[in-house]
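Peer 1: Got a structure for you, questions after.
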Amino acid sequence: MIRSGPHTTQLARHLAIAWALLIAYASLHPLGEFRAAGDHLLDFLTAPWPRYWTRFDVVANALGYLPLGFLLVPAAAPGLRRTPALLLAIVLASGLSINLELLQHYLPSRVPSNLDVLSNLLGAAIGALIGWRWGGVLNDGGALARWRTRRIVRGHTGDIALVLLCLWWVAQIDPDTPLFGLGDLRDLFGLPPPVDFTERRYRAVEIGACICAMVGVGVIGWHSMRARSLWLLASGFVIALAVKAGSGAVLVPGGGAWLWATPGALVGLLAGALALGVVLWLPATLRFALAALALLAGVALVNLAPDNPYPSAVSDAWRAGHFFNFSGLTRLASALWPYFALPYLMALQAREGRS
């Protein structure tokens with residue numbers, strides 16, 4: 001039985017909500033002018049099988065819903081045994097998938113598909129079965145919950161920190177941005193780059209964005225830990241680099257894993273590590289102020305950056321076909337992350353002042 005104690009973490013519930021919102025955006029991306037949907041909105045469920053589809057489409061849709069199915073089981077834990085939680089997770093994920101497909105009737109660029117619903121249901125069911133067996137690690141007494149209690153600050157503050165960290169890792173999948181460069185709103189609003197590309201300008205943006213991100217993320221991570229550890233902090237950046245390398249390997253076979261390792265990014269990593277070390281040595285008040293400035297400066301740099309023409313083939317593949325939903329998901333996480341991180345940083349500072 002999955003039960004919740006008086007101090008149970010709500011991490012699974014927060015992660016499930018965040019992942020569901022990302023799925024919703026990815027399924028409805030790009031948002032444009034709405035059209036009249038016509039009658040018989042549910043006809044697509046009994047329509048003939050789509051003529052054009054690939055195995056990758058099915059697998060990608062299933063993978064998108066697998067984490068949701070996994071997270072919904074422990075998220076439904078209070079008062080529920082494992083089997084009812086499993087069934088509820090499948091029902092909720094299926095309801096989300098069907099409703100999002102219905103909304104696609106109103107978007108000219110999207111077409112609802114019964115195959116998408118089936119593959120989403122398959123992924124959610126597999127995830128829920130995994131959550132039925134191992135989802136308890138997120139709840140009271142579980143391994144992850146014990147680690148969280150020992151390492152991460154208590155309450156919603158700690159849960160939000162872990163949600164932000166997971167979303168930051170998701171944002172690294174986007175191959176279009178400089179390493180750790182987040183907050184680019186130009187694509188969401190259809191704005192052109194303000195300056196033309198030169199190698200020197202782009203390298204400066206890469207270095208600056210990396211330094212700013214490492215300082216901002218590093219301070220947030222440092223003050224989100226109860227038992228502070230430089231090794232634990234460094235492991236968060238190592239995982240982010242692994243995600244970046246993995247996305248490059250999938251998108252660009254034959255050396256794509258190291259696409260991110262440009263001279264500017266490598267210099268930025270070294271300079272960012274040194275800058276973070278200095279900032280963590282400073283008094284807490286100054287540390288928070290510099291982290292906030294770093295987040296704002298990183299956003300400014302990314303939005304002023306010229307488009308890099310070299311990975312254009314990667315960008316085209318990323319925004320087309322079976323990568324389309326993942327593109328919308330990761331680009332949203334990449335664009336909005338600093339705007340959620342900044343108020344969280346201020347909440348951490350207020351919490352530090354009360355302690």
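Every chain in the structure tokens takes a letter, A first, then B, and so on in the order presented; its residues are numbered from 1, and the ligands are numbered from 1 following the presented order.
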Go through region 190-307 of chain A and collect every residue that DSSP, computed from the backbone, puts in alpha helix (DSSP H); the answer should be as a count of residues only.
Peer 2: 87
Peer 1: Given only C-alpha atoms as the basis, pick out the residue of A:Gly136, A:Ala294, A:Phe189, A:Arg154 nearest to Cys210 (chain A).
Peer 2: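 For Cys210 (chain A), the nearest of the candidates is A:Ala294.
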Peer 1: Between A:Trp132, A:Trp147, A:Trp19, A:Trp222, which residue has the minimum interatomic distance to Trp281 (chain A), considering only C-alpha atoms?
Peer 2: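 When distances to Trp281 (chain A) are compared using only C-alpha atoms, the smallest one comes from A:Trp222.
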Peer 1: Could you tell me how far CA of Leu66 (chain A) lies from CA of Gln10 (chain A), in Å and to one decimal?
Peer 2: 19.4 Å
Peer 1: Calculated over only C-alpha atoms, which of the candidates A:Trp231, A:Trp169, A:Tyr339, A:Trp258 has the smallest distance to Val243 (chain A)?
Peer 2: A:Trp169
Peer 1: Any idea what's packed within 6 Å of Met225 (chain A), counting only C-alpha atoms, ignoring anything in its chain fewer than 5 positions away? Could you give it as a ChimeraX atom specification?
Peer 2: /A:151-153
Peer 1: By how many Å are CA of Val279 (chain A) and CA of Ala213 (chain A) apart?
Peer 2: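 These atoms are spaced 12.8 Å apart.
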Peer 1: Would you mind telling me which residue in A:Asp176, A:Asp116, A:Glu352, A:Asp159 lies nearest to Leu144 (chain A) when using only C-alpha atoms?
Peer 2: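 Among A:Asp176, A:Asp116, A:Glu352, A:Asp159, it is A:Asp159 that comes nearest to Leu144 (chain A).
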Peer 1: What's the 8 Å shell around Ala161 (chain A), counting only C-alpha atoms, without same-chain residues fewer than 3 positions away, as a list in words?
Peer 2: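 Contacts, in chain order: Thr157, Gly158, Leu164, Leu165, Ile220, Gly221 and Ser224 of chain A.
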Peer 1: Could you write out the selected residues, including N, CA, C and O atoms, as a compact mmCIF listing (two decimals), in the first residue's frame?
Peer 2:
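The resulting selection.txt:
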```
# COMPACT_ATOMS: atom_id res chain seq x y z
N THR A 157 8.97 24.25 -0.68
CA THR A 157 10.18 24.90 -1.20
C THR A 157 11.12 23.88 -1.80
O THR A 157 11.66 24.07 -2.90
N GLY A 158 11.35 22.78 -1.09
CA GLY A 158 12.22 21.73 -1.61
C GLY A 158 11.64 21.04 -2.82
O GLY A 158 12.37 20.71 -3.77
N LEU A 164 12.08 22.43 -10.54
CA LEU A 164 12.87 23.35 -11.36
C LEU A 164 14.10 22.66 -11.93
O LEU A 164 14.47 22.88 -13.09
N LEU A 165 14.75 21.84 -11.11
CA LEU A 165 15.93 21.13 -11.58
C LEU A 165 15.58 20.18 -12.71
O LEU A 165 16.28 20.14 -13.74
N ILE A 220 20.85 28.70 -6.60
CA ILE A 220 19.55 28.10 -6.28
C ILE A 220 19.75 26.69 -5.72
O ILE A 220 19.16 26.32 -4.70
N GLY A 221 20.60 25.90 -6.38
CA GLY A 221 20.85 24.56 -5.89
C GLY A 221 21.50 24.54 -4.52
O GLY A 221 21.13 23.73 -3.66
N SER A 224 19.03 25.31 -1.83
CA SER A 224 17.93 24.34 -1.76
C SER A 224 18.36 23.08 -1.03
O SER A 224 17.54 22.19 -0.81
```
Peer 1: Quick one: residues within 12 Å of Ile239 (chain A), only C-alpha atoms, excluding same-chain residues fewer than 4 positions away - as a PyMOL selection string?
Peer 2: chain A and resi 165-166+168-170+172-173+232-235+243-246
Peer 1: Could those selected residues go to a file with all heavy atoms, as a short mmCIF file (atom, residue, chain, number, x, y, z; two decimals), in the first residue's frame?
Peer 2:
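The file below, result18.cif, is the result:
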```cif
data_model
loop_
_atom_site.label_atom_id
_atom_site.label_comp_id
_atom_site.auth_asym_id
_atom_site.auth_seq_id
_atom_site.Cartn_x
_atom_site.Cartn_y
_atom_site.Cartn_z
N LEU A 165 14.75 21.84 -11.11
CA LEU A 165 15.93 21.13 -11.58
C LEU A 165 15.58 20.18 -12.71
O LEU A 165 16.28 20.14 -13.74
CB LEU A 165 16.56 20.36 -10.41
CG LEU A 165 17.78 19.49 -10.76
CD1 LEU A 165 18.92 20.36 -11.26
CD2 LEU A 165 18.21 18.67 -9.55
N CYS A 166 14.50 19.42 -12.57
CA CYS A 166 14.09 18.50 -13.63
C CYS A 166 13.74 19.25 -14.91
O CYS A 166 14.09 18.81 -16.02
CB CYS A 166 12.91 17.65 -13.16
SG CYS A 166 13.33 16.45 -11.86
N TRP A 168 14.94 22.12 -15.79
CA TRP A 168 16.20 22.63 -16.35
C TRP A 168 16.90 21.55 -17.15
O TRP A 168 17.45 21.82 -18.22
CB TRP A 168 17.09 23.14 -15.21
CG TRP A 168 18.33 23.82 -15.67
CD1 TRP A 168 18.41 24.97 -16.42
CD2 TRP A 168 19.69 23.40 -15.44
NE1 TRP A 168 19.74 25.29 -16.65
CE2 TRP A 168 20.53 24.35 -16.06
CE3 TRP A 168 20.25 22.34 -14.75
CZ2 TRP A 168 21.93 24.25 -16.03
CZ3 TRP A 168 21.64 22.24 -14.70
CH2 TRP A 168 22.45 23.19 -15.34
N TRP A 169 16.87 20.33 -16.67
CA TRP A 169 17.44 19.22 -17.43
C TRP A 169 16.67 19.01 -18.74
O TRP A 169 17.27 18.78 -19.79
CB TRP A 169 17.42 17.94 -16.60
CG TRP A 169 18.43 17.92 -15.50
CD1 TRP A 169 19.59 18.65 -15.42
CD2 TRP A 169 18.37 17.14 -14.30
NE1 TRP A 169 20.26 18.37 -14.26
CE2 TRP A 169 19.55 17.45 -13.54
CE3 TRP A 169 17.46 16.22 -13.79
CZ2 TRP A 169 19.81 16.85 -12.31
CZ3 TRP A 169 17.73 15.63 -12.56
CH2 TRP A 169 18.89 15.95 -11.84
N VAL A 170 15.33 19.08 -18.68
CA VAL A 170 14.52 18.92 -19.89
C VAL A 170 14.87 19.99 -20.91
O VAL A 170 14.97 19.74 -22.12
CB VAL A 170 13.02 18.96 -19.54
CG1 VAL A 170 12.16 19.07 -20.81
CG2 VAL A 170 12.61 17.71 -18.76
N GLN A 172 17.60 21.33 -21.53
CA GLN A 172 18.89 21.10 -22.20
C GLN A 172 18.74 20.26 -23.46
O GLN A 172 19.67 20.18 -24.27
CB GLN A 172 19.88 20.43 -21.25
CG GLN A 172 20.10 21.16 -19.94
CD GLN A 172 20.38 22.63 -20.11
OE1 GLN A 172 21.16 23.05 -20.96
NE2 GLN A 172 19.70 23.44 -19.29
N ILE A 173 17.60 19.63 -23.66
CA ILE A 173 17.39 18.83 -24.87
C ILE A 173 17.36 19.72 -26.11
O ILE A 173 17.73 19.28 -27.21
CB ILE A 173 16.08 18.02 -24.76
CG1 ILE A 173 16.14 17.08 -23.55
CG2 ILE A 173 15.81 17.22 -26.02
CD1 ILE A 173 14.83 16.36 -23.27
N LEU A 232 27.41 17.16 -4.92
CA LEU A 232 26.01 17.07 -5.34
C LEU A 232 25.66 18.20 -6.30
O LEU A 232 24.97 17.99 -7.30
CB LEU A 232 25.10 17.11 -4.11
CG LEU A 232 23.60 16.95 -4.37
CD1 LEU A 232 23.30 15.62 -5.04
CD2 LEU A 232 22.82 17.09 -3.06
N LEU A 233 26.16 19.39 -6.01
CA LEU A 233 25.92 20.53 -6.90
C LEU A 233 26.53 20.28 -8.27
O LEU A 233 25.90 20.53 -9.31
CB LEU A 233 26.50 21.80 -6.27
CG LEU A 233 26.17 23.12 -6.96
CD1 LEU A 233 24.68 23.40 -6.92
CD2 LEU A 233 26.94 24.26 -6.29
N ALA A 234 27.77 19.78 -8.28
CA ALA A 234 28.44 19.50 -9.55
C ALA A 234 27.73 18.42 -10.35
O ALA A 234 27.67 18.47 -11.59
CB ALA A 234 29.89 19.10 -9.30
N SER A 235 27.12 17.44 -9.65
CA SER A 235 26.45 16.35 -10.36
C SER A 235 25.24 16.86 -11.14
O SER A 235 24.90 16.31 -12.20
CB SER A 235 26.02 15.27 -9.37
OG SER A 235 24.99 15.74 -8.51
N VAL A 243 22.52 15.21 -20.70
CA VAL A 243 21.28 15.38 -21.46
C VAL A 243 21.57 16.10 -22.78
O VAL A 243 21.05 15.73 -23.84
CB VAL A 243 20.24 16.15 -20.63
CG1 VAL A 243 19.02 16.51 -21.47
CG2 VAL A 243 19.82 15.33 -19.42
N LYS A 244 22.39 17.15 -22.72
CA LYS A 244 22.74 17.90 -23.93
C LYS A 244 23.45 16.99 -24.93
O LYS A 244 23.16 17.02 -26.13
CB LYS A 244 23.66 19.07 -23.53
CG LYS A 244 23.76 20.17 -24.57
CD LYS A 244 22.52 21.04 -24.55
CE LYS A 244 22.69 22.29 -25.41
NZ LYS A 244 21.46 23.10 -25.44
N ALA A 245 24.38 16.18 -24.44
CA ALA A 245 25.10 15.27 -25.32
C ALA A 245 24.17 14.21 -25.89
O ALA A 245 24.26 13.85 -27.07
CB ALA A 245 26.25 14.62 -24.56
N GLY A 246 23.27 13.70 -25.06
CA GLY A 246 22.34 12.68 -25.53
C GLY A 246 21.41 13.19 -26.60
O GLY A 246 21.14 12.49 -27.59
#
```
Peer 1: Quick one: pull the distance between CA of Gly268 (chain A) and CA of Arg226 (chain A), Å, one decimal.
Peer 2: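 Answer for the CA of Gly268 (chain A) to CA of Arg226 (chain A) separation: 28.2 Å.
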Peer 1: Select, from A:Leu280, A:Leu241, A:Ala275, A:Cys212, the residue with the minimum atom-to-atom distance to Gly298 (chain A), counting only C-alpha atoms.
Peer 2: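 Ranking A:Leu280, A:Leu241, A:Ala275, A:Cys212 by distance to Gly298 (chain A), first place goes to A:Cys212.
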Peer 1: Write out as a PyMOL selection string each polymer residue whose atoms come within 12 Å of region 117-123 of chain A, counting only C-alpha atoms; drop sequence neighbours fewer than 5 positions from it.
Peer 2: chain A and resi 23+27+42+44-46+49+53-70+87+89-102+111-112+128-130
Peer 1: Taking 5 positions as the minimum chain separation for residues in the same chain, which residues sit within 10 Å of Gln349 (chain A) when counting only C-alpha atoms? Answer as a short mmCIF file (atom, residue, chain, number, x, y, z; two decimals) with C-alpha atoms, in the first residue's frame.
Peer 2:
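Generated file (around-v3.cif):
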```cif
data_model
loop_
_atom_site.label_atom_id
_atom_site.label_comp_id
_atom_site.auth_asym_id
_atom_site.auth_seq_id
_atom_site.Cartn_x
_atom_site.Cartn_y
_atom_site.Cartn_z
CA ILE A 220 19.55 28.10 -6.28
CA HIS A 223 20.41 27.13 -0.97
CA ALA A 284 24.55 35.20 1.55
CA THR A 285 22.95 38.60 0.83
CA ARG A 287 25.31 35.86 -3.18
CA PHE A 288 21.55 36.11 -3.78
CA ALA A 289 21.89 39.53 -5.41
CA PRO A 343 10.87 34.42 -8.01
CA TYR A 344 11.93 31.10 -6.49
CA ARG A 354 13.86 33.87 8.56
#
```
